[in-house]
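Visitor: Before I ask anything, here is the structure I am working with.
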Amino acid sequence: MDIQLDPARDDLPLMANTSHILVKHYVLDLDVDFESQVIEGTIVLFLEDGKRFKKQNSSVEEACQSESNKACKFGMPEPCHIPVTNARTFSSEMEYNDFAICSKGEKDTSDKDGNHDNQEHASGISSSKYCCDTGNHGSEDFLLVLDCCDLSVLKVEEVDVAAVPGLEKFTRSPELTVVSEEFRNQIVHELVTLPANRWREQLDYYACCSQAPGCGELLFDTDTWSLQIRKTGAQTATDFPHAIRIWYKTKPEGRSVTWTSDQSGRPCVYTVGSPINNRALFPCQEPPVAMSTWQATVRAAASFVLMSGENSAKPTQLWEGCSSWYYYVTMPMPASTFTIAVGYWTEMKMETCSSNDLATERPFSPSEADFRHVGVCSHMEYPCRFQNASATTQEIIPHRVFAPVCLTGACQETLLRLIPPCLSAAHSILGTHPFSRLDVLIVPANFPSLGMASPHIVFLSQSILTGGSHLCGTRLCHEIAHAWFGLAIGARDWTEEWLSEGFATHLEDVFWAAAQQLDPHEAREQQELRACLRWRRLQDEMQCSPEEMQVLRPSKDKTGHTSDSGASVIKHGLNPEKIFMQVHYLKGYFLLRFLTKRLGDETYFSFLRKFVHTFHGQLILSQDFLQMLLENIPEEKRLELSVENIYQDWLESSGIPKPLQRERRAGAECRLARQVRAEVTKWIRVNRRPRKRKRREKEDVFEKLLPDQLVLLLEHLLEQKTLSPRTLQSLQRTYHLQDQDAEVRHRWCELIVKHKFTKAYKSVERFLQEDQVKDFLGELRPATPRDTLCGSRVPRLCNATQALRVAMGVYLYGELMVSEDARQQQLARRCFERTKEQMDRSSAQVVAEMLF
C-alpha cells in the first residue's frame, strides 16, 4: 500500500477504508514532553462495521420523524470531570465497578509490557501482500487502514471490553455467554449506539473500556501515509476487533503540530492546521465521512491544555510540576477538526465588568425542564443544542481568552471587549450557536495565518491585536462564522472548500456590521468597499495562479465519490501553492453575494437560517445548498438561476465568473472608494509640488479614512512610479501609519521598501518580526510596475509561484533583496536571523533560499 507522492505536485491521499469500518469514538491518553518534543501515549478506537452503520444512518431522519417527541428530546452535555487512569498501567487483574472510573495511579515507566522499546514496527506484515484487499475476499485477513504519518507506532492490541463489569448487559443475544470476538463486538456495538440522552453513561463506559486489559496483540505495518492493522483469521470487518488500543508517539518533525516558544519565551505546542491534518498527531480516519466523538486525558508540565471539547477543563495536579486535563466531545465530527494547544498561557480577564455584562454572559446551565421539542433534526443522534429551547436563545456563549502574559494589555484593550458583541451578532443572523462554549487563544508569532477555527476553540494571530478594532473584529467574526459553516456543517468533499471559506468570508461582513450596530446604509457602504478590495484581489489571483487551481468544484460530477474501500484523494492537497491561495474565499464570497443581491437580504438570510437548521451536524455538497436555495425562493426571483448554470458559471470554470464580470462593469464605484480616489489625487498633487512653494498656494486637507480605505489608498499609491521622501513622511504623519493595523502596515512597508524611505526602516523590521501571517487582505497581487522581482536574481518565479511567495508573507523579503541595496539586504538578513527559529517551516525555507 506504500504510495510515494511528490509533495510538490500530487494530491493528498485519504487512505482509511471507511466504507468497510468506521471509528465511532476515540479515547486518547497522552503525555506531552517539551524537552524531547514528543507526545506519547495510547489511543483506543471503538469501531463499527461500515455496512451496519450505513444501514442505520440512512434511516435516522425517518426514525426521528416517526418517533414521538420524546425520542427527539436529547440531553445537553454539562461539564463532566472524569479522572482517568494512566492507560499504561493496565493489569489483567484490574477490578471494575459499574459506572466507576478509577483514579490516576503512579506513572509506570517499566518496559514489562514490551511497549516502550524503540522499534517502530513491533509486529510486521508485508504491505505488498495485503495492499489489494481491505474488504472481505474470503482468503485473506481484513485490514483496518488508518491515516497515519510521521508517527512511531509501538504496539497494537485488542481491548478486552468484556472484562468491564456491567457491560455484559449490552449483549442482547442469550446464546452469547462465552467471551468471544462476537461477544466483545456486540458490547461495542451496543455502546456506540446508546441513545443521546445517555451520553454521560456512554462516556463513563468508554473510559472504563479504554482502561481494560488487552487480550492479544494485533499485527500492523506502516507506510508513508497509513497504518494497517490485521488480526489473523479475521477475514471481514464484522470479525475484526471493534475495540483496539494503539501505543504510539509523535516525532519532533511531525507536520500536524509545531513545537515553538510563545511571545514570552515559554515552550508550547499546538496544531497548526497542516495540509495533512491530524494524522501526525494520532492514527485516525481522515475522510470527513468518518464522523466520530472523542475524549482525551492529557498530562503536561504546563499552565494550560486547551482542546476541542465541550467542557472547560480544569487542571488536576498529579505531582509537582505536572497536571492533567480531561476533555470530551459528544457531537460527531471529522477527526481533522480535533485541535490541541499546550503551553504556559494566562487566562485574560477584563479589569472591570459591568453588572449588565455579567447578566448577559451568565453561564448556560441546562436543566431537564429546558428540553422541549424545537423541530426535528436530520443528523445522526447526539445531544444537540438545536433541540434545546434555552440554547436557541443564548446569544453569547461562555468564552475564555488565553495569551502570553506579555499580551495582557492588548487583549484587554481590543479582543476581550469584542467577543460578546461578535457572538451576539452571529446569533442574530444565524440563530443557535452550534457549540456550547468558546476558547480563544493568541498563538505564537510563527502562526502562519490570521486565525483558525476548530470546535470550541479559535486560534488568533497576535497581528490582530494592534491598530484598533477593525482587523480584530472582522477576523473574529470570520472564525465565529466557521462554527456554522466548516464545523457544524462540513463539506463532504474537501475540494469544495468554498462551502466553508466562501460562507465565512461573506458572513464576516454581515456579523461585523451587526456587532458595530451600523445602520443599514452605513453597513452597505462598508460592505461595498470590502467587495471592491476583494474584487481587486480576485483579479490578481486569477492572473497569478494556474487555471486548474481556480476551480471551486474541480472533481465536477465525481465530487464526493470515493473508491470501494472509502479511500480517496484531495485534489491539489499537497500542492504547496494551494494552501496560500484564496480563490475559494473570493469566488465563494462573490457567489453568495450575487445570490444575496438577487434574493434580497431578508429572503436570503431567512433561507440561510432554515438551511442551518436542516443541515447542522451533517456533511454537504454544493448541490445540497443550491437545490434547497432554489426550492425556497419565489419563482420571480429565480429568473435563469439553476444548479447547472451556477455550476457552469461559478463552480466548474476557471477565471472570473461571467455574471461577476457583468456586475462589475455595470456597477458604479461605491462612495467610500470614490472618496479614496479623491485622496489619491491629492497625494499625487502633493508629490509633484516643488520643495519651495508659493506662499498663497492652498494646503490640501485630507479626509479621515477607515482602515479598509487606507488599504485601498496605499494600494493606489503603490502604483505610482515615484514618491518623494517628503511625501512619504507626510503620508505617515497624516495617517499615523506606524500605529495602524497589520493590513495597513503591510502596504506601508511595501511603500517604504519600494522608495527606500530609510527613516521608516524600523517599521519594516517590526513587521517582519511581529507579523508573519500569510493571509492579509489584498496580499495576493500580480506583478505591477513597482514589481521587479520576476527575472531578477532573487529565486522567484512568475505566476503561481509569485502568488505563493506573496501569500506566505515573504514578499517584503523579496523586495528587500531584489533592490540590490546593501542596507535593505542587510535589514532582511538581520530580521531573518532573529525570527527564523520562530517562523513556520515552509516560510523559513523559502526566505532562506531568497537570502542566501
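Just remember, in the C-alpha cells the first chain shown is A, the second B, etc., residues are 1-based per chain, and ligands are 1-based in the order shown.
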Fewer than 4 positions away in the same chain doesn't count, so skip those; otherwise give me all residues within 10 Å of Thr238 (chain A), counting only C-alpha atoms, as a PyMOL selection string.

Guide: chain A and resi 20-21+47-52+136+142+181-182+185+234+242

Visitor: Please produce a file of those selected residues containing N, CA and C atoms, as a short mmCIF file (atom, residue, chain, number, x, y, z; two decimals), in the first residue's frame.

Guide:
```cif
data_model
loop_
_atom_site.label_atom_id
_atom_site.label_comp_id
_atom_site.auth_asym_id
_atom_site.auth_seq_id
_atom_site.Cartn_x
_atom_site.Cartn_y
_atom_site.Cartn_z
N HIS A 20 -15.68 0.16 4.80
CA HIS A 20 -15.74 -1.14 5.45
C HIS A 20 -15.92 -1.05 6.96
N ILE A 21 -15.29 -0.04 7.56
CA ILE A 21 -15.33 0.06 9.02
C ILE A 21 -15.12 1.52 9.41
N LEU A 47 -14.94 0.85 17.14
CA LEU A 47 -15.25 0.73 15.72
C LEU A 47 -16.65 0.18 15.48
N GLU A 48 -17.16 0.46 14.30
CA GLU A 48 -18.46 -0.05 13.87
C GLU A 48 -18.34 -0.52 12.44
N ASP A 49 -18.92 -1.67 12.16
CA ASP A 49 -18.95 -2.20 10.80
C ASP A 49 -19.55 -1.14 9.88
N GLY A 50 -18.82 -0.78 8.82
CA GLY A 50 -19.27 0.28 7.93
C GLY A 50 -20.62 0.02 7.31
N LYS A 51 -20.89 -1.22 6.91
CA LYS A 51 -22.16 -1.54 6.28
C LYS A 51 -23.31 -1.42 7.28
N ARG A 52 -23.06 -1.86 8.50
CA ARG A 52 -24.09 -1.77 9.53
C ARG A 52 -24.40 -0.30 9.83
N ASN A 136 -13.71 -8.05 2.34
CA ASN A 136 -13.89 -9.48 2.55
C ASN A 136 -13.75 -10.20 1.22
N PHE A 142 -8.77 -9.36 6.96
CA PHE A 142 -9.26 -7.99 6.79
C PHE A 142 -8.20 -7.02 7.31
N GLU A 181 -14.96 -13.08 20.18
CA GLU A 181 -14.88 -11.85 19.38
C GLU A 181 -16.26 -11.30 19.14
N GLU A 182 -17.20 -12.17 18.83
CA GLU A 182 -18.56 -11.73 18.57
C GLU A 182 -19.17 -11.09 19.81
N ASN A 185 -17.56 -7.65 20.30
CA ASN A 185 -18.03 -6.71 19.27
C ASN A 185 -19.49 -6.31 19.50
N ALA A 234 -9.32 -13.06 11.08
CA ALA A 234 -10.46 -12.16 10.95
C ALA A 234 -10.52 -11.68 9.51
N HIS A 242 -13.52 -4.74 17.49
CA HIS A 242 -14.15 -3.42 17.41
C HIS A 242 -13.66 -2.46 18.49
#
```

Visitor: Could the residues of region 175-277 of chain A that have an atom at most 10 Å from region 281-292 of chain A be listed as a tab-separated table, each with its closest atom pair and the distance in Å to one decimal, counting only C-alpha atoms and ordered by chain and ascending residue number?

Guide:
```
residue	atom	partner	partner_atom	distance
A:Ser226	CA	A:Pro283	CA	8.1
A:Leu227	CA	A:Pro283	CA	7.2
A:Ile246	CA	A:Pro283	CA	8.3
A:Trp247	CA	A:Phe282	CA	9.9
A:Tyr248	CA	A:Phe282	CA	8.0
A:Lys249	CA	A:Phe282	CA	8.3
A:Thr250	CA	A:Leu281	CA	6.2
A:Lys251	CA	A:Leu281	CA	8.9
A:Gly254	CA	A:Leu281	CA	7.7
A:Arg255	CA	A:Leu281	CA	8.4
A:Ser256	CA	A:Leu281	CA	5.8
A:Val257	CA	A:Leu281	CA	7.0
A:Thr271	CA	A:Leu281	CA	8.5
A:Ile276	CA	A:Glu286	CA	9.0
A:Asn277	CA	A:Glu286	CA	7.8
```

Visitor: Can you measure CA of Leu465 (chain A) to CA of Asp708 (chain A) for me? One decimal in Å is fine.

Guide: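 We find that CA of Leu465 (chain A) and CA of Asp708 (chain A) lie 16.4 Å from each other.
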
Visitor: At most 8 Å is the cut-off: for each residue in region 132-249 of chain A with any atom that close to an atom of region 383-389 of chain A, write down the nearest atom pair and the distance in Å rounded to one decimal, counting only C-alpha atoms, chain first then increasing number, as JSON lines.

Guide:
```
{"residue": "A:Ala196", "atom": "CA", "partner": "A:Pro383", "partner_atom": "CA", "distance": 5.4}
{"residue": "A:Asn197", "atom": "CA", "partner": "A:Pro383", "partner_atom": "CA", "distance": 6.7}
{"residue": "A:Trp199", "atom": "CA", "partner": "A:Pro383", "partner_atom": "CA", "distance": 7.6}
```

Visitor: Taking N, CA, C and O atoms for each residue, export the selection above as a short mmCIF file (atom, residue, chain, number, x, y, z; two decimals), in the first residue's frame.

Guide:
```
data_model
loop_
_atom_site.label_atom_id
_atom_site.label_comp_id
_atom_site.auth_asym_id
_atom_site.auth_seq_id
_atom_site.Cartn_x
_atom_site.Cartn_y
_atom_site.Cartn_z
N ALA A 196 -28.75 9.31 22.67
CA ALA A 196 -28.04 10.54 23.00
C ALA A 196 -28.28 10.99 24.43
O ALA A 196 -27.41 11.61 25.05
N ASN A 197 -29.45 10.68 25.00
CA ASN A 197 -29.72 11.13 26.37
C ASN A 197 -28.97 10.31 27.41
O ASN A 197 -29.07 10.58 28.61
N TRP A 199 -25.58 10.07 27.20
CA TRP A 199 -24.22 10.40 26.81
C TRP A 199 -23.24 10.34 27.97
O TRP A 199 -22.07 9.97 27.78
#
```

Visitor: Please list as a PyMOL selection string every residue within 12 Å of Thr466 (chain A), counting only C-alpha atoms and excluding residues in the same chain fewer than 3 positions away.

Guide: chain A and resi 407+409-415+461-463+469-473+737-745+767+770-771

Visitor: Using only C-alpha atoms for the distances, tell me which of A:Met850, A:Leu768, A:Val27, A:Leu430 is nearest to Thr835 (chain A).

Guide: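 Distance minimum relative to Thr835 (chain A) lands on A:Leu768.
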
Visitor: For region 275-333 of chain A versus region 438-445 of chain A, which residues have an atom no more than 12 Å away, and what is each residue's nearest atom pair and distance in Å rounded to one decimal, using only C-alpha atoms, chain-then-number order, as JSON lines?

Guide:
```
{"residue": "A:Phe304", "atom": "CA", "partner": "A:Leu441", "partner_atom": "CA", "distance": 10.9}
{"residue": "A:Val305", "atom": "CA", "partner": "A:Leu441", "partner_atom": "CA", "distance": 11.0}
{"residue": "A:Leu306", "atom": "CA", "partner": "A:Asp439", "partner_atom": "CA", "distance": 7.9}
{"residue": "A:Met307", "atom": "CA", "partner": "A:Asp439", "partner_atom": "CA", "distance": 8.7}
{"residue": "A:Ser308", "atom": "CA", "partner": "A:Asp439", "partner_atom": "CA", "distance": 9.0}
{"residue": "A:Gly309", "atom": "CA", "partner": "A:Leu438", "partner_atom": "CA", "distance": 9.3}
{"residue": "A:Glu310", "atom": "CA", "partner": "A:Leu438", "partner_atom": "CA", "distance": 8.9}
{"residue": "A:Asn311", "atom": "CA", "partner": "A:Leu438", "partner_atom": "CA", "distance": 9.8}
{"residue": "A:Ser312", "atom": "CA", "partner": "A:Asp439", "partner_atom": "CA", "distance": 8.5}
{"residue": "A:Ala313", "atom": "CA", "partner": "A:Asp439", "partner_atom": "CA", "distance": 10.9}
```

Visitor: For the selection just defined, write its residues with N, CA and C atoms to a file, as a JSON list (two decimals), in the first residue's frame.

Guide:
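File part39.json, as written:
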```json
[["chain", "number", "residue", "atom", "x", "y", "z"],
["A", 304, "PHE", "N", -1.67, 25.43, 30.97],
["A", 304, "PHE", "CA", -2.96, 25.14, 30.35],
["A", 304, "PHE", "C", -2.81, 24.13, 29.21],
["A", 305, "VAL", "N", -3.78, 23.24, 29.12],
["A", 305, "VAL", "CA", -4.01, 22.42, 27.93],
["A", 305, "VAL", "C", -5.38, 22.82, 27.40],
["A", 306, "LEU", "N", -5.41, 23.33, 26.20],
["A", 306, "LEU", "CA", -6.66, 23.72, 25.54],
["A", 306, "LEU", "C", -6.95, 22.73, 24.43],
["A", 307, "MET", "N", -8.23, 22.42, 24.23],
["A", 307, "MET", "CA", -8.57, 21.36, 23.28],
["A", 307, "MET", "C", -10.00, 21.54, 22.79],
["A", 308, "SER", "N", -10.28, 20.94, 21.66],
["A", 308, "SER", "CA", -11.66, 20.85, 21.19],
["A", 308, "SER", "C", -12.44, 20.00, 22.18],
["A", 309, "GLY", "N", -13.28, 20.64, 22.97],
["A", 309, "GLY", "CA", -14.03, 19.91, 23.99],
["A", 309, "GLY", "C", -15.21, 20.71, 24.47],
["A", 310, "GLU", "N", -16.26, 20.02, 24.88],
["A", 310, "GLU", "CA", -17.48, 20.70, 25.31],
["A", 310, "GLU", "C", -17.38, 21.22, 26.74],
["A", 311, "ASN", "N", -16.42, 20.71, 27.50],
["A", 311, "ASN", "CA", -16.25, 21.15, 28.89],
["A", 311, "ASN", "C", -15.05, 22.08, 28.99],
["A", 312, "SER", "N", -15.11, 23.02, 29.93],
["A", 312, "SER", "CA", -13.98, 23.89, 30.21],
["A", 312, "SER", "C", -13.10, 23.18, 31.24],
["A", 313, "ALA", "N", -12.13, 22.43, 30.76],
["A", 313, "ALA", "CA", -11.35, 21.56, 31.63],
["A", 313, "ALA", "C", -10.54, 22.36, 32.64]]
```

Visitor: Can you measure CA of Phe832 (chain A) to CA of Tyr811 (chain A) for me? One decimal in Å is fine.

Guide: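 Going from CA of Phe832 (chain A) over to CA of Tyr811 (chain A), I get 13.1 Å.
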
Visitor: How many Å lie between CA of Ser449 (chain A) and CA of Ile464 (chain A), rounded to one decimal?

Guide: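 Atom-to-atom, CA of Ser449 (chain A) to CA of Ile464 (chain A), that is 10.5 Å.
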
Visitor: Write out as an MDAnalysis selection string each polymer residue whose atoms come within 7 Å of Arg553 (chain A), counting only C-alpha atoms; drop sequence neighbours fewer than 6 positions from it.

Guide: chainID A and resid 495:496 651:652

Visitor: Run DSSP on the backbone and tell me which residues of region 570-800 of chain A come out as helix (DSSP H, G or I); list them as number ranges by chain.

Guide: A: 578-580, 583-599, 601-615, 622-631, 635-638, 643-651, 658-666, 671-688, 707-718, 725-735, 737-739, 742-754, 758-770, 800

Visitor: Could you check which of A:Asp601, A:Asp141, A:Glu750, A:Glu820 is closest to Glu719 (chain A), using only C-alpha atoms?

Guide: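 Answer, going by the shortest atom-to-atom distance: A:Glu750.
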
Visitor: Per residue of region 419-526 of chain A within 10 Å of region 607-611 of chain A, which atom pair is closest and at what distance in Å (one decimal), using only C-alpha atoms, listed by chain and increasing number, as JSON lines?

Guide:
```
{"residue": "A:Ile429", "atom": "CA", "partner": "A:Arg609", "partner_atom": "CA", "distance": 7.7}
{"residue": "A:Leu430", "atom": "CA", "partner": "A:Arg609", "partner_atom": "CA", "distance": 5.2}
{"residue": "A:Gly431", "atom": "CA", "partner": "A:Arg609", "partner_atom": "CA", "distance": 6.9}
{"residue": "A:Thr432", "atom": "CA", "partner": "A:Arg609", "partner_atom": "CA", "distance": 9.3}
{"residue": "A:Ile489", "atom": "CA", "partner": "A:Phe611", "partner_atom": "CA", "distance": 9.9}
```

Visitor: Selection from above, N, CA and C atoms, as a tab-separated table (two decimals), in the first residue's frame, can you write it?

Guide:
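Now in selection03.tsv:
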```
chain	number	residue	atom	x	y	z
A	429	ILE	N	-28.00	36.70	13.35
A	429	ILE	CA	-28.08	36.39	11.92
A	429	ILE	C	-28.45	34.93	11.68
A	430	LEU	N	-27.81	33.99	12.40
A	430	LEU	CA	-27.96	32.56	12.10
A	430	LEU	C	-28.71	31.78	13.17
A	431	GLY	N	-28.89	32.36	14.35
A	431	GLY	CA	-29.61	31.63	15.39
A	431	GLY	C	-28.68	30.83	16.29
A	432	THR	N	-29.14	29.69	16.71
A	432	THR	CA	-28.49	28.86	17.73
A	432	THR	C	-26.99	28.67	17.47
A	489	ILE	N	-21.62	22.41	9.93
A	489	ILE	CA	-21.95	21.95	8.57
A	489	ILE	C	-20.63	21.86	7.82
```

Visitor: Please extract the residues of region 148-203 of chain A with a backbone DSSP assignment of strand (DSSP E) and present them as JSON, numbers by chain.

Guide: {"A": [151, 152, 153, 154, 155, 156, 157, 158, 159]}

Visitor: Which is closer to Thr346 (chain A) than all the others in A:Ala300, A:Cys149, A:Leu318, A:Cys406, using only C-alpha atoms?

Guide: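 Looking only at the distances to Thr346 (chain A), the closest residue turns out to be A:Cys406.
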
Visitor: Restricting the calculation to only C-alpha atoms, which member of A:Asp223, A:Asp147, A:Asp624, A:Asp204 is positioned closest to Ala491 (chain A)?

Guide: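 That would be A:Asp624, the residue with the smallest distance to Ala491 (chain A).
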